[in-house]
Amino acid sequence: MASQAGADAVILVGGKGTRLRPLTLSAPKPMLPTAGVPFLTHLLTRIASAGLTHVVLGTSYKAEVFEEYFGDGAEFGLDLEYVTETEPLGTGGGIRNVLPRLTAENVMVFNGDVLGGTDLRSILETHEKTAADVTLHLVRVSDPRAFGCVPTDADGRVTAFLEKTQDPPTDQINAGCYVFRREYIEKIPAGRPVSVEREVFPALLTEGARVQGHVDTSYWRDMGTPEDFVRGSADLVRGIAPSPALPGQRGESLVHEGAGIAPGALLIGGTVVGRGAEVGAGARLDGAILFDGAKVEAGATVERSIVGFGARIGPRALVRDGVIGDGASVGARCELLRGARVWPGVEIPDGGIRFSTDV
């Protein structure tokens with residue numbers, strides 16, 4: 001079934017999410033709860049609201065989890081299909097691997113870990129209006145040094161693909177969303193790992209294909225690191241990042257049904273409290289993400305951190321810029337700072353880890 005908008009959608013969700021461990025030991029990154037729904041839900045609802053209906057998920061790591069949750073996509077008004085990579089094929093190989101399921105002339109490809117706010121229809125319009133072979137969504141960022149840069153000429157055509165550099169010639173970066181004419185997917189070598197960024201795109205420029213840039217300044221964040229995951233989630237809660245999956249009021253916190261918040265607890269900074277989670281009296285949560293069933297006890301402070309399913313933060317403990325695995329227990333008065341990660345099920349005794357001398 002072809003999409004109404006005349007394009008198929010492909011979402012690459014095969015990655016292992018190693019930078020978000022230990023959370024991704026139990027769930028693939030696109031399935032981690034983000035403002036109360038699996039992260040991928042935000043992208044699927046954006047695709048549906050742009051009028052695309054046929055979506056193919058390129059899966060690999062924990063592939064079965066996606067189909068178990070999303071099924072045939074009918075709940076979103078989508079026709080969802082799944083293609084699993086037996087060995088990792090990279091971005092280009094992953095796109096080539098789903099080719100047998102694609103029916104439309106144009107194919108819109110998404111990286112499954114990007115939180116974005118751009119109007120997808122406008123990217124498709126640029127692709128059609130310029131008769132491009134491949135169109136790239138480029139987003140302008142204040143500090144492009146951490147990303148590959150993509151300069152364009154006066155007509156918006158892409159002129160080069162530049163690796164990360166300390167002195168970027170442009171503030172335009174590859175935003176991880178592409179529109180391919182189908183025949184250009186057919187040209188990607190099959191059955192081996194291929195990178196679109198390092199292999200496919202430079203080859204297109206060499207052969208003189210029309211590679212167009214669609215440049216905007218819309219909301220954009222790669223959710224690959226704990227810091228970005230926390231900020232992206234907070235932006236969704238506060239309404240800074242748009243998502244059709246989150247109707248209703250935005251504010252400083254999002255508390256899900258069945259959660260218990262004791263009097264005097266402070267929830268700010270786009271904090272999310274999952275279903276059945278508990279927050280004790282006088283606790284302070286600033287930009288915290290509590291997965292379902294997590295527990296933060298009286299007087300504890302959790303800042304810019306993710307607390308996994310059923311994990312516990314003891315009384316007067318402090319967790320800042322940390323990741324606490326599912327079912328872990330952080331004892332009373334512990335201090336975990338600066339990127340600390342606690343593996344699932346680990347129990348830290350009261351006062352067991354500190355960064356300062358007073359207890």
# chains A, B, ... in the order shown; residues from 1 in each chain; ligands from 1
>>> residues_around(residues="region 262-276 of chain A", least_positions_apart="4", cutoff="8 Å", atoms="only C-alpha atoms", output="PyMOL selection string")
chain A and resi 35-36+233-238+251-258+280-294
>>> write_last_selection(atoms="N, CA, C and O atoms", output="CSV table (one decimal), in the first residue's frame")
chain,number,residue,atom,x,y,z
A,35,ALA,N,8.9,11.2,27.8
A,35,ALA,CA,7.6,11.9,28.1
A,35,ALA,C,6.4,10.9,28.1
A,35,ALA,O,5.4,11.2,27.6
A,36,GLY,N,6.7,9.7,28.7
A,36,GLY,CA,5.6,8.8,28.9
A,36,GLY,C,5.2,7.8,27.8
A,36,GLY,O,4.4,6.9,28.0
A,233,SER,N,13.7,14.9,26.5
A,233,SER,CA,12.5,14.6,27.3
A,233,SER,C,11.9,15.8,28.0
A,233,SER,O,10.7,16.1,27.9
A,234,ALA,N,12.8,16.6,28.6
A,234,ALA,CA,12.4,17.8,29.3
A,234,ALA,C,11.8,18.8,28.3
A,234,ALA,O,10.8,19.5,28.6
A,235,ASP,N,12.4,18.9,27.1
A,235,ASP,CA,11.8,19.8,26.1
A,235,ASP,C,10.4,19.4,25.7
A,235,ASP,O,9.6,20.3,25.4
A,236,LEU,N,10.2,18.1,25.6
A,236,LEU,CA,8.9,17.6,25.2
A,236,LEU,C,7.9,18.0,26.3
A,236,LEU,O,6.8,18.5,26.0
A,237,VAL,N,8.3,17.8,27.6
A,237,VAL,CA,7.3,18.1,28.7
A,237,VAL,C,7.0,19.6,28.7
A,237,VAL,O,5.9,20.0,29.0
A,238,ARG,N,8.0,20.4,28.5
A,238,ARG,CA,7.8,21.9,28.6
A,238,ARG,C,7.3,22.5,27.3
A,238,ARG,O,7.0,23.7,27.3
A,251,GLY,N,4.2,21.8,30.8
A,251,GLY,CA,4.5,22.5,32.1
A,251,GLY,C,5.9,22.0,32.6
A,251,GLY,O,6.7,21.4,31.9
A,252,GLU,N,6.1,22.3,33.9
A,252,GLU,CA,7.4,21.9,34.5
A,252,GLU,C,7.5,20.4,34.8
A,252,GLU,O,8.6,19.9,35.0
A,253,SER,N,6.4,19.7,34.8
A,253,SER,CA,6.5,18.3,35.1
A,253,SER,C,5.3,17.5,34.4
A,253,SER,O,4.3,18.1,34.1
A,254,LEU,N,5.5,16.2,34.2
A,254,LEU,CA,4.5,15.4,33.7
A,254,LEU,C,4.4,14.1,34.6
A,254,LEU,O,5.4,13.4,34.7
A,255,VAL,N,3.3,14.0,35.3
A,255,VAL,CA,3.1,12.9,36.3
A,255,VAL,C,2.1,12.0,35.7
A,255,VAL,O,0.9,12.4,35.4
A,256,HIS,N,2.5,10.7,35.6
A,256,HIS,CA,1.5,9.7,35.0
A,256,HIS,C,0.6,9.1,36.0
A,256,HIS,O,0.9,9.1,37.2
A,257,GLU,N,-0.5,8.5,35.5
A,257,GLU,CA,-1.5,8.0,36.4
A,257,GLU,C,-0.9,6.9,37.3
A,257,GLU,O,0.0,6.2,36.9
A,258,GLY,N,-1.4,6.8,38.5
A,258,GLY,CA,-0.9,5.8,39.5
A,258,GLY,C,0.4,6.2,40.2
A,258,GLY,O,0.9,5.5,41.0
A,280,GLY,N,8.9,10.9,47.5
A,280,GLY,CA,8.7,11.1,48.9
A,280,GLY,C,8.7,12.6,49.3
A,280,GLY,O,9.0,13.5,48.5
A,281,ALA,N,8.3,12.9,50.5
A,281,ALA,CA,8.2,14.2,51.0
A,281,ALA,C,9.5,15.0,50.9
A,281,ALA,O,10.6,14.4,51.3
A,282,GLY,N,9.5,16.2,50.5
A,282,GLY,CA,10.6,17.1,50.4
A,282,GLY,C,11.7,16.7,49.3
A,282,GLY,O,12.7,17.2,49.3
A,283,ALA,N,11.3,15.7,48.5
A,283,ALA,CA,12.3,15.3,47.5
A,283,ALA,C,12.3,16.4,46.4
A,283,ALA,O,11.3,17.1,46.2
A,284,ARG,N,13.4,16.5,45.7
A,284,ARG,CA,13.5,17.6,44.7
A,284,ARG,C,14.0,16.9,43.4
A,284,ARG,O,15.0,16.3,43.3
A,285,LEU,N,13.1,17.0,42.4
A,285,LEU,CA,13.3,16.4,41.1
A,285,LEU,C,13.4,17.6,40.1
A,285,LEU,O,12.5,18.3,39.8
A,286,ASP,N,14.6,17.7,39.5
A,286,ASP,CA,14.8,18.8,38.5
A,286,ASP,C,15.3,18.2,37.2
A,286,ASP,O,16.5,17.7,37.1
A,287,GLY,N,14.5,18.2,36.2
A,287,GLY,CA,14.9,17.6,34.9
A,287,GLY,C,15.1,16.1,35.1
A,287,GLY,O,16.0,15.5,34.4
A,288,ALA,N,14.4,15.4,36.0
A,288,ALA,CA,14.6,14.0,36.2
A,288,ALA,C,13.6,13.2,35.3
A,288,ALA,O,12.5,13.6,35.0
A,289,ILE,N,14.0,12.0,35.0
A,289,ILE,CA,13.1,11.0,34.3
A,289,ILE,C,13.0,9.8,35.2
A,289,ILE,O,14.0,9.1,35.4
A,290,LEU,N,11.8,9.5,35.8
A,290,LEU,CA,11.6,8.3,36.5
A,290,LEU,C,10.8,7.4,35.7
A,290,LEU,O,9.6,7.7,35.3
A,291,PHE,N,11.4,6.2,35.4
A,291,PHE,CA,10.6,5.2,34.6
A,291,PHE,C,9.5,4.6,35.6
A,291,PHE,O,9.6,4.8,36.8
A,292,ASP,N,8.6,3.8,35.0
A,292,ASP,CA,7.5,3.3,35.8
A,292,ASP,C,8.1,2.5,37.0
A,292,ASP,O,9.0,1.8,36.9
A,293,GLY,N,7.4,2.7,38.1
A,293,GLY,CA,7.7,2.0,39.3
A,293,GLY,C,8.9,2.4,40.1
A,293,GLY,O,9.3,1.8,41.1
A,294,ALA,N,9.6,3.5,39.6
A,294,ALA,CA,10.8,4.0,40.3
A,294,ALA,C,10.3,4.7,41.6
A,294,ALA,O,9.2,5.1,41.8
>>> residues_around(residues="Asp8 (chain A)", least_positions_apart="5", cutoff="9 Å", atoms="only C-alpha atoms", output="list in words")
Ala2, Ser3, Leu52, Thr53, His54, Val55, Val56, Leu102, Thr103, Ala104, Glu105, Asn106, Val107, Met108 and Val109 of chain A
>>> residues_around(residues="Val196 (chain A)", least_positions_apart="2", cutoff="9 Å", atoms="only C-alpha atoms", output="list in words")
Gly90, Thr91, Gly92, Gly93, Ile95, Ile188, Val194, Arg198, Glu199, Val200, Phe201 and Pro202 of chain A
>>> select_by_dssp(residues="region 168-316 of chain A", states="helix (DSSP H, G or I)", output="ChimeraX atom specification")
/A:182-186,196-206,226-238
>>> atom_distance(atom1="CA of Trp343 (chain A)", atom2="CA of Leu57 (chain A)")
29.2 Å
